[in-house]
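To be precise, the following lines are my_file24.cif, and they hold mmCIF, C-alpha atoms and all ligand atoms.
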```cif
data_work
loop_
_atom_site.label_atom_id
_atom_site.label_comp_id
_atom_site.auth_asym_id
_atom_site.auth_seq_id
_atom_site.Cartn_x
_atom_site.Cartn_y
_atom_site.Cartn_z
CA MET A 1 -27.45 -13.33 21.25
CA LYS A 2 -24.84 -13.42 18.53
CA ALA A 3 -22.38 -10.62 17.81
CA ILE A 4 -19.32 -9.94 15.67
CA THR A 5 -16.57 -9.02 18.09
CA VAL A 6 -12.88 -8.31 18.01
CA ASP A 7 -9.99 -8.01 20.44
CA PRO A 8 -8.73 -4.60 19.29
CA MET A 9 -5.09 -4.37 18.17
CA GLN A 10 -5.02 -8.20 17.77
CA SER A 11 -4.99 -9.26 14.15
CA GLY A 12 -7.13 -12.32 13.38
CA SER A 13 -9.15 -12.04 16.60
CA ALA A 14 -12.56 -11.26 15.03
CA ARG A 15 -15.30 -13.80 15.77
CA TYR A 16 -19.03 -14.30 15.30
CA GLU A 17 -19.91 -15.52 18.76
CA ASP A 18 -22.40 -15.69 21.63
CA PHE A 19 -22.36 -12.42 23.47
CA PRO A 20 -24.36 -11.01 26.44
CA GLU A 21 -27.52 -9.03 25.69
CA PRO A 22 -26.86 -5.25 25.55
CA ASP A 23 -26.55 -3.66 28.98
CA VAL A 24 -29.42 -1.36 30.00
CA ASN A 25 -26.76 1.26 30.79
CA GLU A 26 -26.12 1.48 27.04
CA GLY A 27 -29.48 3.19 26.58
CA SER A 28 -33.22 2.95 27.15
CA VAL A 29 -34.07 2.17 23.50
CA LEU A 30 -33.75 -1.50 22.54
CA VAL A 31 -33.18 -2.15 18.85
CA GLU A 32 -33.07 -5.27 16.67
CA ALA A 33 -30.23 -5.08 14.13
CA VAL A 34 -31.32 -5.06 10.48
CA ALA A 35 -28.04 -4.34 8.69
CA VAL A 36 -24.61 -2.87 9.31
CA GLY A 37 -22.45 -1.37 6.58
CA VAL A 38 -18.77 -2.25 6.37
CA CYS A 39 -16.05 0.30 5.70
CA GLY A 40 -12.27 0.64 5.73
CA THR A 41 -12.26 1.44 9.45
CA ASP A 42 -13.77 -1.98 10.21
CA VAL A 43 -11.09 -3.64 8.09
CA ASP A 44 -8.40 -1.65 9.96
CA ILE A 45 -9.81 -2.79 13.31
CA VAL A 46 -10.04 -6.45 12.27
CA GLU A 47 -6.47 -6.31 10.94
CA GLY A 48 -5.37 -5.18 14.42
CA ASN A 49 -4.36 -1.63 13.50
CA TYR A 50 -7.00 0.37 15.34
CA GLY A 51 -9.81 0.21 17.90
CA TRP A 52 -10.33 0.17 21.68
CA ALA A 53 -12.55 -2.13 23.77
CA PRO A 54 -14.81 -0.59 26.44
CA PRO A 55 -12.95 0.11 29.72
CA GLY A 56 -12.39 -3.11 31.65
CA LYS A 57 -13.39 -5.33 28.70
CA SER A 58 -11.21 -7.24 26.28
CA ARG A 59 -13.61 -7.47 23.33
CA LEU A 60 -15.36 -4.81 21.26
CA VAL A 61 -18.56 -5.36 19.25
CA LEU A 62 -17.66 -4.14 15.77
CA GLY A 63 -19.72 -1.96 13.44
CA HIS A 64 -20.68 1.71 13.20
CA GLU A 65 -22.87 2.02 10.05
CA SER A 66 -26.09 0.80 11.63
CA LEU A 67 -29.70 0.25 10.72
CA GLY A 68 -32.11 -1.27 13.18
CA ARG A 69 -35.74 -1.63 14.11
CA VAL A 70 -37.03 -0.49 17.51
CA ILE A 71 -38.16 -3.38 19.72
CA ASP A 72 -38.74 -1.30 22.87
CA PRO A 73 -38.66 2.53 22.71
CA GLY A 74 -38.30 2.77 26.49
CA PRO A 75 -39.96 5.28 28.80
CA ARG A 76 -38.58 8.56 27.45
CA SER A 77 -38.51 8.60 23.66
CA SER A 78 -40.92 9.56 20.92
CA LEU A 79 -39.94 6.45 18.97
CA LYS A 80 -42.41 3.65 18.42
CA ARG A 81 -41.98 -0.09 18.21
CA GLY A 82 -41.10 -0.97 14.59
CA ASP A 83 -39.50 2.41 13.72
CA LEU A 84 -36.30 2.19 11.69
CA VAL A 85 -33.41 3.92 13.44
CA VAL A 86 -29.72 4.51 12.99
CA GLY A 87 -27.40 5.04 15.96
CA ILE A 88 -25.11 8.07 16.12
CA VAL A 89 -21.49 6.90 16.28
CA ARG A 90 -19.55 9.44 18.34
CA ARG A 91 -20.17 10.53 21.94
CA PRO A 92 -18.79 13.74 23.48
CA ASP A 93 -15.73 13.50 25.67
CA PRO A 94 -16.45 13.52 29.44
CA VAL A 95 -14.43 16.66 30.26
CA PRO A 96 -15.97 18.13 28.01
CA CYS A 97 -13.86 20.22 25.64
CA PRO A 98 -15.52 23.44 24.40
CA ASN A 99 -16.67 21.80 21.15
CA CYS A 100 -18.23 18.79 22.87
CA ALA A 101 -19.81 21.16 25.42
CA VAL A 102 -21.79 22.81 22.62
CA GLY A 103 -22.68 19.52 20.89
CA GLU A 104 -20.02 19.68 18.17
CA TRP A 105 -18.46 16.36 19.13
CA ASP A 106 -17.27 15.90 15.55
CA MET A 107 -14.86 18.77 16.26
CA CYS A 108 -13.69 17.34 19.64
CA SER A 109 -10.44 19.08 20.51
CA ASN A 110 -9.01 16.84 23.23
CA GLY A 111 -9.43 13.47 21.48
CA LEU A 112 -11.20 11.91 24.49
CA TYR A 113 -14.45 11.29 22.56
CA THR A 114 -15.75 7.73 22.28
CA GLU A 115 -17.17 6.01 19.19
CA ARG A 116 -19.47 3.02 18.83
CA GLY A 117 -17.76 0.02 17.30
CA ILE A 118 -14.42 1.88 17.20
CA LYS A 119 -13.41 3.50 20.47
CA GLU A 120 -14.54 2.25 23.87
CA ILE A 121 -18.26 1.68 23.16
CA HIS A 122 -19.74 -1.46 21.62
CA GLY A 123 -20.83 -1.12 18.01
CA PHE A 124 -23.89 -2.33 16.17
CA MET A 125 -22.90 -5.75 14.78
CA SER A 126 -24.98 -7.63 17.34
CA GLU A 127 -28.47 -9.09 16.98
CA ARG A 128 -29.74 -6.48 19.45
CA TRP A 129 -28.28 -3.18 20.57
CA ARG A 130 -29.29 -0.31 22.80
CA THR A 131 -29.00 3.43 22.41
CA GLU A 132 -29.87 6.54 24.33
CA PRO A 133 -32.92 8.13 22.62
CA GLU A 134 -31.00 11.34 21.88
CA TYR A 135 -28.46 9.33 19.85
CA ALA A 136 -31.07 7.51 17.75
CA ILE A 137 -31.97 9.02 14.39
CA LYS A 138 -35.31 7.89 13.00
CA VAL A 139 -35.08 6.89 9.35
CA ASP A 140 -37.83 7.52 6.79
CA ALA A 141 -39.62 4.15 6.70
CA SER A 142 -39.79 4.18 2.90
CA LEU A 143 -35.98 4.00 2.72
CA GLY A 144 -36.01 0.48 4.15
CA ILE A 145 -32.59 -1.13 3.89
CA LEU A 146 -31.17 2.04 2.27
CA GLY A 147 -31.13 3.56 5.78
CA VAL A 148 -27.80 1.78 6.21
CA LEU A 149 -26.33 4.53 3.99
CA LEU A 150 -27.16 7.21 6.55
CA GLU A 151 -23.83 7.14 8.39
CA PRO A 152 -21.76 7.63 5.20
CA MET A 153 -24.21 10.36 4.19
CA THR A 154 -23.53 12.22 7.46
CA VAL A 155 -19.81 12.30 6.65
CA ILE A 156 -20.43 13.95 3.29
CA THR A 157 -23.16 16.24 4.65
CA LYS A 158 -20.60 17.68 7.04
CA ALA A 159 -17.87 17.87 4.39
CA ILE A 160 -20.10 19.82 1.98
CA GLU A 161 -21.18 22.14 4.79
CA GLN A 162 -17.48 22.79 5.49
CA VAL A 163 -16.81 23.63 1.83
CA PHE A 164 -19.60 26.19 1.62
CA GLN A 165 -18.78 27.67 5.02
CA ALA A 166 -15.18 28.19 3.87
CA GLY A 167 -16.52 29.66 0.63
CA GLN A 168 -18.15 32.50 2.53
CA ARG A 169 -14.78 34.15 3.21
CA ALA A 170 -14.97 35.91 -0.19
CA TYR A 171 -17.27 36.41 -3.15
CA TRP A 172 -17.33 32.94 -4.72
CA GLU A 173 -19.25 31.49 -7.63
CA PRO A 174 -18.20 27.83 -7.92
CA LYS A 175 -19.18 26.10 -11.17
CA THR A 176 -17.20 22.85 -11.22
CA VAL A 177 -16.71 20.11 -8.62
CA LEU A 178 -14.23 17.25 -8.73
CA VAL A 179 -14.70 14.26 -6.44
CA THR A 180 -11.64 12.00 -6.25
CA GLY A 181 -12.52 8.40 -5.42
CA ALA A 182 -15.82 6.73 -6.37
CA GLY A 183 -16.37 4.74 -3.20
CA PRO A 184 -19.56 5.22 -1.14
CA ILE A 185 -18.44 8.59 0.26
CA GLY A 186 -17.35 9.91 -3.16
CA LEU A 187 -20.52 8.74 -4.87
CA LEU A 188 -22.72 10.27 -2.15
CA ALA A 189 -20.74 13.51 -2.56
CA ALA A 190 -21.42 13.42 -6.31
CA LEU A 191 -25.11 12.81 -5.60
CA ARG A 192 -25.36 15.79 -3.26
CA PHE A 193 -23.46 18.14 -5.59
CA SER A 194 -25.54 16.98 -8.55
CA VAL A 195 -28.68 18.47 -6.98
CA ARG A 196 -26.98 21.88 -6.87
CA ASN A 197 -26.33 23.93 -9.97
CA LEU A 198 -22.78 22.61 -10.42
CA GLN A 199 -20.94 20.58 -13.05
CA VAL A 200 -19.90 17.41 -11.23
CA HIS A 201 -16.87 15.30 -12.17
CA VAL A 202 -15.73 12.09 -10.46
CA LEU A 203 -12.28 10.56 -10.88
CA ASP A 204 -11.44 6.99 -9.90
CA ARG A 205 -9.04 4.20 -10.91
CA ALA A 206 -11.84 1.83 -11.96
CA ASP A 207 -12.80 1.86 -15.64
CA THR A 208 -15.20 -1.10 -15.34
CA GLY A 209 -17.76 -2.20 -12.77
CA PRO A 210 -20.70 -0.18 -11.45
CA LYS A 211 -18.93 3.12 -10.67
CA PRO A 212 -18.85 4.76 -14.15
CA ASP A 213 -22.57 4.11 -14.72
CA LEU A 214 -23.51 5.31 -11.23
CA VAL A 215 -21.72 8.59 -11.92
CA ARG A 216 -23.24 9.04 -15.39
CA ALA A 217 -26.71 8.31 -13.99
CA LEU A 218 -26.33 11.51 -11.95
CA GLY A 219 -25.58 13.53 -15.08
CA ALA A 220 -21.98 13.81 -13.90
CA THR A 221 -18.79 13.06 -15.84
CA TYR A 222 -16.57 10.08 -15.00
CA HIS A 223 -12.79 10.22 -15.40
CA THR A 224 -9.91 7.83 -14.91
CA GLY A 225 -6.23 8.74 -14.97
CA SER A 226 -4.51 11.73 -13.40
CA VAL A 227 -6.15 14.80 -11.86
CA LEU A 228 -3.51 16.87 -13.71
CA ASP A 229 -4.85 15.66 -17.09
CA LEU A 230 -8.34 17.12 -16.55
CA ASP A 231 -9.18 19.90 -19.03
CA PHE A 232 -10.60 22.21 -16.34
CA ASP A 233 -9.50 23.58 -12.97
CA PRO A 234 -12.09 22.53 -10.34
CA ASP A 235 -13.55 25.19 -8.05
CA ILE A 236 -14.25 22.53 -5.43
CA ILE A 237 -12.38 19.26 -4.88
CA VAL A 238 -13.65 16.69 -2.41
CA GLU A 239 -10.78 14.26 -1.90
CA CYS A 240 -11.97 10.80 -0.85
CA THR A 241 -8.97 8.58 -1.64
CA GLY A 242 -6.35 9.53 0.96
CA VAL A 243 -3.72 8.70 -1.68
CA GLY A 244 -0.66 10.99 -1.56
CA PRO A 245 -0.18 11.74 -5.28
CA VAL A 246 -3.94 12.33 -5.78
CA ILE A 247 -3.88 14.85 -2.93
CA ALA A 248 -0.74 16.58 -4.27
CA ASP A 249 -2.21 16.74 -7.79
CA SER A 250 -5.48 18.13 -6.41
CA ILE A 251 -3.67 20.97 -4.66
CA GLN A 252 -1.84 21.77 -7.90
CA LYS A 253 -4.97 21.56 -10.03
CA VAL A 254 -7.61 23.37 -7.95
CA ALA A 255 -8.80 26.69 -9.42
CA SER A 256 -7.83 30.06 -8.08
CA GLY A 257 -9.99 30.71 -5.01
CA GLY A 258 -10.91 27.02 -4.99
CA ILE A 259 -11.53 24.87 -1.95
CA ILE A 260 -10.26 21.36 -1.31
CA CYS A 261 -11.96 19.24 1.32
CA LEU A 262 -9.92 16.25 2.46
CA THR A 263 -12.01 13.31 3.69
CA GLY A 264 -9.75 10.35 2.86
CA VAL A 265 -7.55 8.79 5.52
CA GLY A 266 -4.43 7.26 4.02
CA HIS A 267 -0.84 6.92 5.11
CA GLY A 268 2.66 7.29 3.80
CA GLY A 269 3.25 7.96 0.14
CA VAL A 270 6.18 9.66 -1.50
CA ALA A 271 6.48 13.45 -1.21
CA SER A 272 6.40 14.17 -4.93
CA ARG A 273 6.48 17.92 -4.41
CA ALA A 274 8.39 20.05 -1.95
CA VAL A 275 6.17 21.32 0.87
CA ALA A 276 7.03 25.00 0.28
CA ASP A 277 6.03 24.64 -3.38
CA VAL A 278 2.67 23.21 -2.33
CA ALA A 279 2.22 26.07 0.12
CA LYS A 280 3.17 28.60 -2.59
CA ALA A 281 0.42 27.27 -4.88
CA VAL A 282 -2.12 27.55 -2.05
CA VAL A 283 -1.00 31.10 -1.17
CA LEU A 284 -0.92 32.48 -4.71
CA LYS A 285 -4.36 31.04 -5.54
CA ASN A 286 -6.05 31.90 -2.21
CA ASN A 287 -6.99 28.24 -1.76
CA VAL A 288 -8.51 26.63 1.28
CA ILE A 289 -7.63 23.09 2.27
CA VAL A 290 -10.02 21.85 4.93
CA GLY A 291 -10.02 18.45 6.62
CA SER A 292 -13.36 16.96 7.64
CA VAL A 293 -14.18 13.92 9.74
CA ASN A 294 -17.24 12.53 11.50
CA ALA A 295 -20.49 14.47 11.96
CA ASN A 296 -22.59 16.01 14.71
CA LYS A 297 -26.32 15.84 15.31
CA ARG A 298 -27.08 18.68 12.89
CA HIS A 299 -25.40 16.70 10.09
CA TRP A 300 -27.18 13.49 11.11
CA TYR A 301 -30.55 15.21 10.96
CA ARG A 302 -29.81 16.81 7.58
CA ALA A 303 -28.33 13.60 6.20
CA GLY A 304 -31.56 11.82 7.09
CA GLN A 305 -33.48 14.40 5.07
CA ASN A 306 -30.97 14.21 2.21
CA LEU A 307 -31.23 10.44 2.06
CA ALA A 308 -35.04 10.48 2.21
CA ASN A 309 -35.09 12.96 -0.72
CA SER A 310 -32.74 10.89 -2.90
CA ASP A 311 -33.60 8.56 -5.76
CA ARG A 312 -34.18 5.13 -4.20
CA ALA A 313 -33.23 3.20 -7.34
CA TRP A 314 -29.87 4.97 -7.56
CA LEU A 315 -29.16 4.55 -3.83
CA SER A 316 -29.97 0.84 -4.00
CA ARG A 317 -27.24 0.36 -6.61
CA LEU A 318 -24.66 1.52 -4.02
CA ILE A 319 -25.26 -1.58 -1.88
CA THR A 320 -23.49 -4.02 -4.15
CA ARG A 321 -23.23 -7.01 -1.81
CA ARG A 322 -24.97 -8.31 1.32
CA GLU A 323 -23.48 -10.99 3.54
CA LYS A 324 -24.81 -12.96 6.50
CA PRO A 325 -23.29 -12.18 9.92
CA GLN A 326 -21.58 -15.60 10.08
CA ASP A 327 -19.89 -14.72 6.76
CA PHE A 328 -18.55 -11.38 8.05
CA GLN A 329 -15.02 -12.22 6.88
CA LYS A 330 -16.31 -12.28 3.30
CA ALA A 331 -17.88 -8.86 3.84
CA LEU A 332 -14.50 -7.50 4.92
CA GLU A 333 -12.68 -8.77 1.81
CA ARG A 334 -12.77 -6.20 -0.93
CA GLN A 335 -13.95 -7.39 -4.33
CA PRO A 336 -13.43 -5.42 -7.54
CA ASP A 337 -17.07 -4.42 -8.06
CA ASP A 338 -17.84 -3.54 -4.44
CA VAL A 339 -19.19 -0.13 -3.60
CA LYS A 340 -20.90 -0.66 -0.22
CA VAL A 341 -21.06 -4.08 1.39
CA SER A 342 -23.46 -4.64 4.24
CA ILE A 343 -23.95 -7.39 6.79
CA GLN A 344 -27.60 -8.33 6.88
CA PHE A 345 -28.91 -9.38 10.30
CA CYS A 346 -32.57 -9.71 9.28
CA GLU A 347 -34.90 -8.89 6.42
CA ILE A 348 -37.28 -5.93 6.44
ZN ZN B 1 -14.34 16.97 23.06
#
```
Please express the file's structure as structure tokens.
Ligand SMILES: [Zn+2]
Amino acid sequence: MKAITVDPMQSGSARYEDFPEPDVNEGSVLVEAVAVGVCGTDVDIVEGNYGWAPPGKSRLVLGHESLGRVIDPGPRSSLKRGDLVVGIVRRPDPVPCPNCAVGEWDMCSNGLYTERGIKEIHGFMSERWRTEPEYAIKVDASLGILGVLLEPMTVITKAIEQVFQAGQRAYWEPKTVLVTGAGPIGLLAALRFSVRNLQVHVLDRADTGPKPDLVRALGATYHTGSVLDLDFDPDIIVECTGVGPVIADSIQKVASGGIICLTGVGHGGVASRAVADVAKAVVLKNNVIVGSVNANKRHWYRAGQNLANSDRAWLSRLITRREKPQDFQKALERQPDDVKVSIQFCEI
């Protein structure tokens, strides 16, 4: 079969190539790839900055935002041939740490977890892949290709859960939400907040392209410019850019008692404000700053429900470009109007 593979930590090593069929040890459910979403992590891996091949191997099959169709459900699953499924990305560490022991592998505390297409397990950018039945999430058949948005939806399902869990520390009546960054994660956050009784605002650099209309279609307000120029103090900020000044401005701008959830992974930046001043703002306003990454099975299950209950027409506008597997390099190059780019293995 064909697969998109990479020699991790080697820039320029990604290839679309012949690759052995998935090993039966990778799971009893055999799946035909339909589509795989591309995100910044894939770009990082292909650029040689991140990623680990399986033990004893030199190459890693890329891809963690899967959608596939069951070819063979195997002897011990309730799946049927033809079901649409998405594979869970992270696996608990083998020790296991207390969090992995109770199934909260997203909160793994020793860092020895593995991740499909990222860390020591092959990903989903191959014509066929296998999964253990307990790591396959069945997707509502009516979603079709939109099932490829499930993995990003799990990330935001967890992040929103974290915000409201943190909110239970005190009496809290949030009215306004700011989402910084209108990429797939930010837009899915705006979608999920828009179904609650909250005023939703999204801030991004782009003033053209599909993002402003996607936000307005949710009944939310779109902003460009600085967080500090907003004419309200957000009760909730979900930070999806990972950009230093946006994070610093968010901490300064959040309302008293407000909660900031950081989901963006950036690097560097100039420390525009002294750390003790940032801490003082957080202390005097009783703020919470919570980081959130990955998702466990509870979030995957809920994200599946959230996606199935969402407006299909709006979701379909998030997938702005589809590329063939042999053109994967094009999928990895960011274009100005991209929201989510997917690699299409076959039609459904
Ligand atoms: Zn762990």
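Considering only C-alpha atoms and all ligand atoms, the residues that reside within 12 Å of ligand ZN 1 (chain B) can be listed as Arg90, Arg91, Pro92, Asp93, Pro94, Val95, Pro96, Cys97, Pro98, Asn99, Cys100, Ala101, Val102, Gly103, Glu104, Trp105, Asp106, Met107, Cys108, Ser109, Asn110, Gly111, Leu112, Tyr113, Thr114, Glu115 and Asn296 of chain A.
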Exercise: Pro174 (chain A) partners within 12 Å, only C-alpha atoms, chain neighbours under 5 positions left out, as a PDB file with C-alpha atoms, keeping the file's coordinate frame:
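File written: selection38.pdb
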```pdb
ATOM      1  CA  VAL A 163     -16.810  23.630   1.830  1.00  0.00           C
ATOM      2  CA  PHE A 164     -19.600  26.190   1.620  1.00  0.00           C
ATOM      3  CA  GLY A 167     -16.520  29.660   0.630  1.00  0.00           C
ATOM      4  CA  GLN A 168     -18.150  32.500   2.530  1.00  0.00           C
ATOM      5  CA  PHE A 193     -23.460  18.140  -5.590  1.00  0.00           C
ATOM      6  CA  ARG A 196     -26.980  21.880  -6.870  1.00  0.00           C
ATOM      7  CA  ASN A 197     -26.330  23.930  -9.970  1.00  0.00           C
ATOM      8  CA  LEU A 198     -22.780  22.610 -10.420  1.00  0.00           C
ATOM      9  CA  GLN A 199     -20.940  20.580 -13.050  1.00  0.00           C
ATOM     10  CA  VAL A 200     -19.900  17.410 -11.230  1.00  0.00           C
ATOM     11  CA  ASP A 233      -9.500  23.580 -12.970  1.00  0.00           C
ATOM     12  CA  PRO A 234     -12.090  22.530 -10.340  1.00  0.00           C
ATOM     13  CA  ASP A 235     -13.550  25.190  -8.050  1.00  0.00           C
ATOM     14  CA  ILE A 236     -14.250  22.530  -5.430  1.00  0.00           C
ATOM     15  CA  ILE A 237     -12.380  19.260  -4.880  1.00  0.00           C
ATOM     16  CA  VAL A 254      -7.610  23.370  -7.950  1.00  0.00           C
ATOM     17  CA  ALA A 255      -8.800  26.690  -9.420  1.00  0.00           C
ATOM     18  CA  SER A 256      -7.830  30.060  -8.080  1.00  0.00           C
ATOM     19  CA  GLY A 257      -9.990  30.710  -5.010  1.00  0.00           C
ATOM     20  CA  GLY A 258     -10.910  27.020  -4.990  1.00  0.00           C
ATOM     21  CA  ILE A 259     -11.530  24.870  -1.950  1.00  0.00           C
TER      22      ILE A 259
END
```
Tell me which of A:Gly304, A:Val293, A:Ile260, A:Glu161 sits closest to Val86 (chain A), counting all atoms listed in the file.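 The answer is A:Gly304, which sits nearest to Val86 (chain A).
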I want to know what sits within 9 Å of region 130-141 of chain A, based on all atoms listed in the file, with residues of the same chain fewer than 5 positions away left out; could you give that as an mmCIF file with C-alpha atoms, in the coordinates of the input?
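Result written to around_39.cif:
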```
data_model
loop_
_atom_site.group_PDB
_atom_site.id
_atom_site.type_symbol
_atom_site.label_atom_id
_atom_site.label_comp_id
_atom_site.auth_asym_id
_atom_site.auth_seq_id
_atom_site.Cartn_x
_atom_site.Cartn_y
_atom_site.Cartn_z
ATOM 1 C CA PRO A 22 -26.860 -5.250 25.550
ATOM 2 C CA ASP A 23 -26.550 -3.660 28.980
ATOM 3 C CA VAL A 24 -29.420 -1.360 30.000
ATOM 4 C CA ASN A 25 -26.760 1.260 30.790
ATOM 5 C CA GLU A 26 -26.120 1.480 27.040
ATOM 6 C CA GLY A 27 -29.480 3.190 26.580
ATOM 7 C CA SER A 28 -33.220 2.950 27.150
ATOM 8 C CA VAL A 29 -34.070 2.170 23.500
ATOM 9 C CA LEU A 30 -33.750 -1.500 22.540
ATOM 10 C CA VAL A 31 -33.180 -2.150 18.850
ATOM 11 C CA GLU A 32 -33.070 -5.270 16.670
ATOM 12 C CA LEU A 67 -29.700 0.250 10.720
ATOM 13 C CA PRO A 73 -38.660 2.530 22.710
ATOM 14 C CA GLY A 74 -38.300 2.770 26.490
ATOM 15 C CA ARG A 76 -38.580 8.560 27.450
ATOM 16 C CA SER A 77 -38.510 8.600 23.660
ATOM 17 C CA SER A 78 -40.920 9.560 20.920
ATOM 18 C CA LEU A 79 -39.940 6.450 18.970
ATOM 19 C CA ASP A 83 -39.500 2.410 13.720
ATOM 20 C CA LEU A 84 -36.300 2.190 11.690
ATOM 21 C CA VAL A 85 -33.410 3.920 13.440
ATOM 22 C CA VAL A 86 -29.720 4.510 12.990
ATOM 23 C CA GLY A 87 -27.400 5.040 15.960
ATOM 24 C CA ILE A 88 -25.110 8.070 16.120
ATOM 25 C CA VAL A 89 -21.490 6.900 16.280
ATOM 26 C CA ARG A 91 -20.170 10.530 21.940
ATOM 27 C CA PHE A 124 -23.890 -2.330 16.170
ATOM 28 C CA GLY A 147 -31.130 3.560 5.780
ATOM 29 C CA LEU A 150 -27.160 7.210 6.550
ATOM 30 C CA LYS A 297 -26.320 15.840 15.310
ATOM 31 C CA TRP A 300 -27.180 13.490 11.110
ATOM 32 C CA TYR A 301 -30.550 15.210 10.960
ATOM 33 C CA GLY A 304 -31.560 11.820 7.090
ATOM 34 C CA GLN A 305 -33.480 14.400 5.070
ATOM 35 C CA LEU A 307 -31.230 10.440 2.060
ATOM 36 C CA ALA A 308 -35.040 10.480 2.210
#
```
Please indicate the distance in Å from CA of Pro325 (chain A) to CA of Glu47 (chain A), rounded to one decimal place. 17.8 Å
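Distances here use only C-alpha atoms; by that measure, the residue among A:Gly63, A:Ile160, A:Arg321, A:Gly181 closest to Arg334 (chain A) is A:Arg321.
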CA of Leu214 (chain A) sits from CA of Met125 (chain A) at a separation of 28.3 Å
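Note that the spacing between CA of Ile319 (chain A) and CA of Ile343 (chain A) amounts to 10.5 Å.
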For Glu21 (chain A): contacts at 8 Å, only C-alpha atoms, fewer than 2 positions along chain excluded, given as an MDAnalysis selection string: chainID A and resid 1 19 23 128:129
Residue selection dump (C-alpha atoms) as a short mmCIF file (atom, residue, chain, number, x, y, z; two decimals), in the frame of the given file:
```
data_model
loop_
_atom_site.label_atom_id
_atom_site.label_comp_id
_atom_site.auth_asym_id
_atom_site.auth_seq_id
_atom_site.Cartn_x
_atom_site.Cartn_y
_atom_site.Cartn_z
CA MET A 1 -27.45 -13.33 21.25
CA PHE A 19 -22.36 -12.42 23.47
CA ASP A 23 -26.55 -3.66 28.98
CA ARG A 128 -29.74 -6.48 19.45
CA TRP A 129 -28.28 -3.18 20.57
#
```
Need the shell around Pro55 (chain A): protein/DNA/RNA residues with any atom at most 10 Å away, counting all atoms listed in the file. Skip same-chain ones fewer than 4 positions apart. Format as a VMD selection string? chain A and resid 59 119 to 121
Pick out the closest residue to Ala159 (chain A) from this set: A:Pro54, A:Gly264, A:Gly37, A:Gly123. Count all atoms listed in the file.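 Once distances to Ala159 (chain A) are computed over all atoms listed in the file, the minimum belongs to A:Gly264.
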Which residues are close to Trp314 (chain A), i.e. within 10 Å by all atoms listed in the file, leaving aside same-chain residues fewer than 4 positions away? Reply as number ranges by chain. A: 191, 214-215, 217-218, 310, 318-319
Around (-8.9, -10.2, 14.8), as given in the file, which residues come within 12 Å? Count all atoms listed in the file and list them as a PyMOL selection string. chain A and resi 4-16+42-51+59-62+328-329+332
Counting all atoms listed in the file, find the residues whose atoms lie at most 12 Å from (-4.4, 16.2, -6.6) (file coordinates) and write them out as an MDAnalysis selection string. chainID A and resid 178:181 203 225:230 233:234 236:255 260:262 272:273 278 289
